[in-house]
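Trainee: The structure follows.
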Amino acid sequence: MKNRVYINGSCAISSQPTFEGDFLDNINENVQDNVLPVIEPNYRDYIAPPAIRRMSRAVKMGIVASKRALGEACLELPEAIAVGTGMGCVQDSEKFLRAVLDNEEQYLTPTAFIQSTHNTVAGQIALELQCKGANFTFVDGSTSFESALSDAAMQIELGDIRNALVGGVDENTPYCLEIYELDNIIKPRHEAPFSITDARSKGVVFSEGASFFVLSDERNEHTYAALADVDFRNDVPDTGVFIGDFLSRNNLDIDDIDLMLSGRNGNSEDLAGFDTAETLMRCTKLYYKHLSGDYFTASAFGFWVACNVLRSGHVPQLLKPVGTPSEEVRNVLIYNQFRGKGQSLILLQKV
Amino acid sequence: MDELILELKQKIVEALNLEDVKPEDIDENAALFGDGLGLDSIDALELIVLLDKTYGIRLADPKEGREIFRSIRTMAEYITKHRTK
């Protein structure tokens with residue numbers, strides 16, 4: 001008998017005021033910018049000055065979001081930490097590589113090198129918390145967060161651990177954004193205003209952020225939802241079969257899903273997968289990437305949205321519902337992909 | 001010497017990203033490690049690179065570092081005697 005996995009704490013740092021406010025309060029949809037800047041908290045309220053001076057934004061976002069999520073779950077020390085990141089610590093990677101070039105491979109300083117690795121965020125969180133439990137970082141494109149979530153959930157289900165801190169984090173730099181724009185990963189500025197339902201061109205409105213969660217085998221008064229299942233594949237020949245198999249293994253029928261949270265992002269390369277998934281599901285569809293922008297771990301923000309919908313029982317109009325949500329929402333399916341690859345499904349259930 | 005001390009303070013603040021410290025606030029006689037500025041072993045490596053890159057000084061014996069990096073003043077004195085650029 002597998003243990004059930006509950007989500008008892010969460011925190012999202014995003015391009016919306018999700019850190020300070022309640023669920024989707026004071027939200028403004030920005031349709032003019034092709035890159036949405038993240039609204040950063042005052043890191044010094046959470047991290048001591050001697051520690052903060054070497055931290056990149058990804059590390060700072062990760063630590064602060066972690067502390068907030070743990071605080072909400074009333075948990076001081078998680079038994080494991082699992083972090084997903086698509087690009088890791090880009091800021092320090094760039095800094096180190098630039099120093100290699102500028103100084104002709106001489107005089108390389110240690111700090112940027114040490115901080116440039118993808119697992120810096122999870123490592124720094126562990127150092128801050130003095131957590132000596134399992135510490136894993138998953139780098140797997142658009143399914144990085146799902147990989148971390150799956151790992152932590154399996155450990156709890158099997159009874160190896162009782163709780164875990166799980167998150168998704170990505171940061172941007174000006175140079176990185178320039179490259180993405182050249183590669184049509186980001187939509188050109190002149191196409192504004194942007195809409196996730198307008199997929200005439202390649203690319204997405206890009207962003208960054210950190211969303212962290214506390215998973216536990218025990219529910220409490222803060223519990224958002226139960227995590228029933230996660231699945232992800234790099235190549236999916238048939239999205240319909242992928243969803244059908246996922247529902248079957250959870251003994252669910254298409255009509256058992258009350259809400260589908262779609263990662264639709266306005267990218268012409270992603271259209272086929274989203275169209276197939278949304279046509280197949282007969283329930284109400286919700287969207288979130290018009291609020292968060294897209295990035296490799298944007299689905300962690302989607303997970304945060306779904307958790308809040310389930311706990312509050314409220315579907316904000318800001319999520320652009322297609323269809324009328326049923327009065328009682330029990331099963332929420334989160335579907336995501338990026339450039340036709342890395343398709344993922346997460347099933348959350350009301351508790 | 002005073003000019004070099006001020007230059008060192010500025011370079012250390014920049015290289016070690018001491019966000020809350022102004023160069024003029026650093027006491028050139030105070031300890032760099034431990035109680036004073038509170039630097040650590042990673043900072044020591046940064047300072048070794050700083051000496052090499054800016055002043056052309058390569059520390060042959062790492063044990064020398066303990067005395068050289070005692071304070072800004074001891075660093076400045078060592079640089080004055082051994083700089084090649």
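By convention here, the chains of the structure tokens are called A, B, ... in the order presented, each chain's residues are numbered starting at 1, and ligands are numbered starting at 1 in the order presented.
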With a distance threshold of 10 Å and counting only C-alpha atoms, extract the residues of chain A near chain B and express them as a tab-separated table (two decimals) with C-alpha atoms, in the first residue's frame.

Mentor:
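Written file, selection_14.tsv:
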chain	number	residue	atom	x	y	z
A	49	PRO	CA	24.20	39.38	4.37
A	50	PRO	CA	27.41	37.27	4.50
A	52	ILE	CA	23.74	36.53	0.15
A	53	ARG	CA	26.73	38.22	-1.43
A	54	ARG	CA	27.71	35.20	-3.53
A	55	MET	CA	24.22	34.14	-4.52
A	103	ASN	CA	41.44	36.79	-19.21
A	106	GLN	CA	44.16	32.93	-16.81
A	107	TYR	CA	43.18	34.31	-13.41
A	108	LEU	CA	39.98	32.31	-13.05
A	109	THR	CA	38.24	33.08	-9.80
A	110	PRO	CA	36.57	30.27	-7.86
A	111	THR	CA	33.25	31.82	-6.84
A	114	ILE	CA	31.49	27.00	-7.81

Trainee: Enumerate as a ChimeraX atom specification all residues of range 74-194 of chain A assigned to strand (DSSP E) by DSSP on the backbone, naming them with the chain letters and numbers the document uses.

Mentor: /A:80-84,134-138,163-170

Trainee: Generate the output file for the selected residues, N, CA and C atoms, as a CSV table (one decimal), in the first residue's frame.

Mentor:
chain,number,residue,atom,x,y,z
A,80,ALA,N,14.2,15.5,2.5
A,80,ALA,CA,14.9,15.5,1.2
A,80,ALA,C,14.6,16.8,0.5
A,81,ILE,N,15.5,17.1,-0.4
A,81,ILE,CA,15.3,18.3,-1.3
A,81,ILE,C,15.5,17.9,-2.7
A,82,ALA,N,14.5,18.2,-3.5
A,82,ALA,CA,14.5,17.9,-5.0
A,82,ALA,C,14.2,19.1,-5.8
A,83,VAL,N,15.1,19.5,-6.6
A,83,VAL,CA,14.9,20.8,-7.4
A,83,VAL,C,15.0,20.5,-8.9
A,84,GLY,N,14.1,21.0,-9.6
A,84,GLY,CA,14.2,21.0,-11.1
A,84,GLY,C,14.5,22.3,-11.7
A,134,ALA,N,18.7,13.6,1.5
A,134,ALA,CA,18.9,13.5,0.1
A,134,ALA,C,18.8,14.8,-0.6
A,135,ASN,N,19.7,15.1,-1.6
A,135,ASN,CA,19.6,16.4,-2.3
A,135,ASN,C,19.8,16.1,-3.8
A,136,PHE,N,18.8,16.3,-4.5
A,136,PHE,CA,18.8,16.0,-6.0
A,136,PHE,C,18.4,17.2,-6.8
A,137,THR,N,19.1,17.3,-7.9
A,137,THR,CA,18.7,18.3,-8.9
A,137,THR,C,18.4,17.6,-10.2
A,138,PHE,N,17.3,18.0,-10.9
A,138,PHE,CA,16.9,17.4,-12.1
A,138,PHE,C,17.0,18.4,-13.2
A,163,ASN,N,8.6,13.4,4.3
A,163,ASN,CA,8.3,14.7,3.7
A,163,ASN,C,9.5,15.2,2.8
A,164,ALA,N,9.2,16.1,2.0
A,164,ALA,CA,10.3,16.6,1.1
A,164,ALA,C,10.0,18.0,0.6
A,165,LEU,N,11.1,18.7,0.3
A,165,LEU,CA,10.9,20.1,-0.3
A,165,LEU,C,11.2,19.9,-1.8
A,166,VAL,N,10.2,20.4,-2.6
A,166,VAL,CA,10.4,20.2,-4.1
A,166,VAL,C,10.2,21.5,-4.7
A,167,GLY,N,10.9,21.8,-5.8
A,167,GLY,CA,10.7,23.1,-6.4
A,167,GLY,C,11.2,23.1,-7.9
A,168,GLY,N,10.8,24.2,-8.6
A,168,GLY,CA,11.3,24.4,-9.9
A,168,GLY,C,11.8,25.9,-10.0
A,169,VAL,N,13.0,26.1,-10.5
A,169,VAL,CA,13.5,27.4,-10.6
A,169,VAL,C,14.3,27.6,-11.8
A,170,ASP,N,14.2,28.8,-12.4
A,170,ASP,CA,15.0,29.2,-13.5
A,170,ASP,C,15.2,30.7,-13.5

Trainee: Between B:Val21, B:Leu4, B:Ile79, B:Ala31, which one has atoms that come closest to Arg66 in chain B, using only C-alpha atoms?

Mentor: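 Comparing B:Val21, B:Leu4, B:Ile79, B:Ala31 against Arg66 in chain B, the winner is B:Ala31.
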
Trainee: Return as a VMD selection string the full set of residues in range 44-126 of chain A whose backbone-based DSSP assignment is helix (DSSP H, G or I).

Mentor: chain A and resid 44 to 45 49 to 52 57 to 72 90 to 102 110 to 115 120 to 126

Trainee: What lies within 7 Å of range 181-193 of chain A using only C-alpha atoms, ignoring chain neighbours under 4 positions off, as a list in words?

Mentor: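 Near neighbours after the sequence-gap exclusion: Val31, Gln32, Asp33, Asn34, Leu177, Lys202, Gly203, Val204, Val205 and Phe206 of chain A.
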
Trainee: Please determine, counting only C-alpha atoms, which residue among B:Leu6, B:His82, B:Glu14, B:Ile72 has the shortest atom-to-atom distance to Gly56 in chain B.

Mentor: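 Looking only at the distances to Gly56 in chain B, the closest residue turns out to be B:His82.
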
Trainee: Near Gly313 in chain A, within 9 Å and counting only C-alpha atoms, which residues show up once chain neighbours fewer than 3 positions away are dropped, as a list in words?

Mentor: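 Non-adjacent residues within range: Asn308, Val309, Leu310, Glu327, Glu328 and Val329 of chain A.
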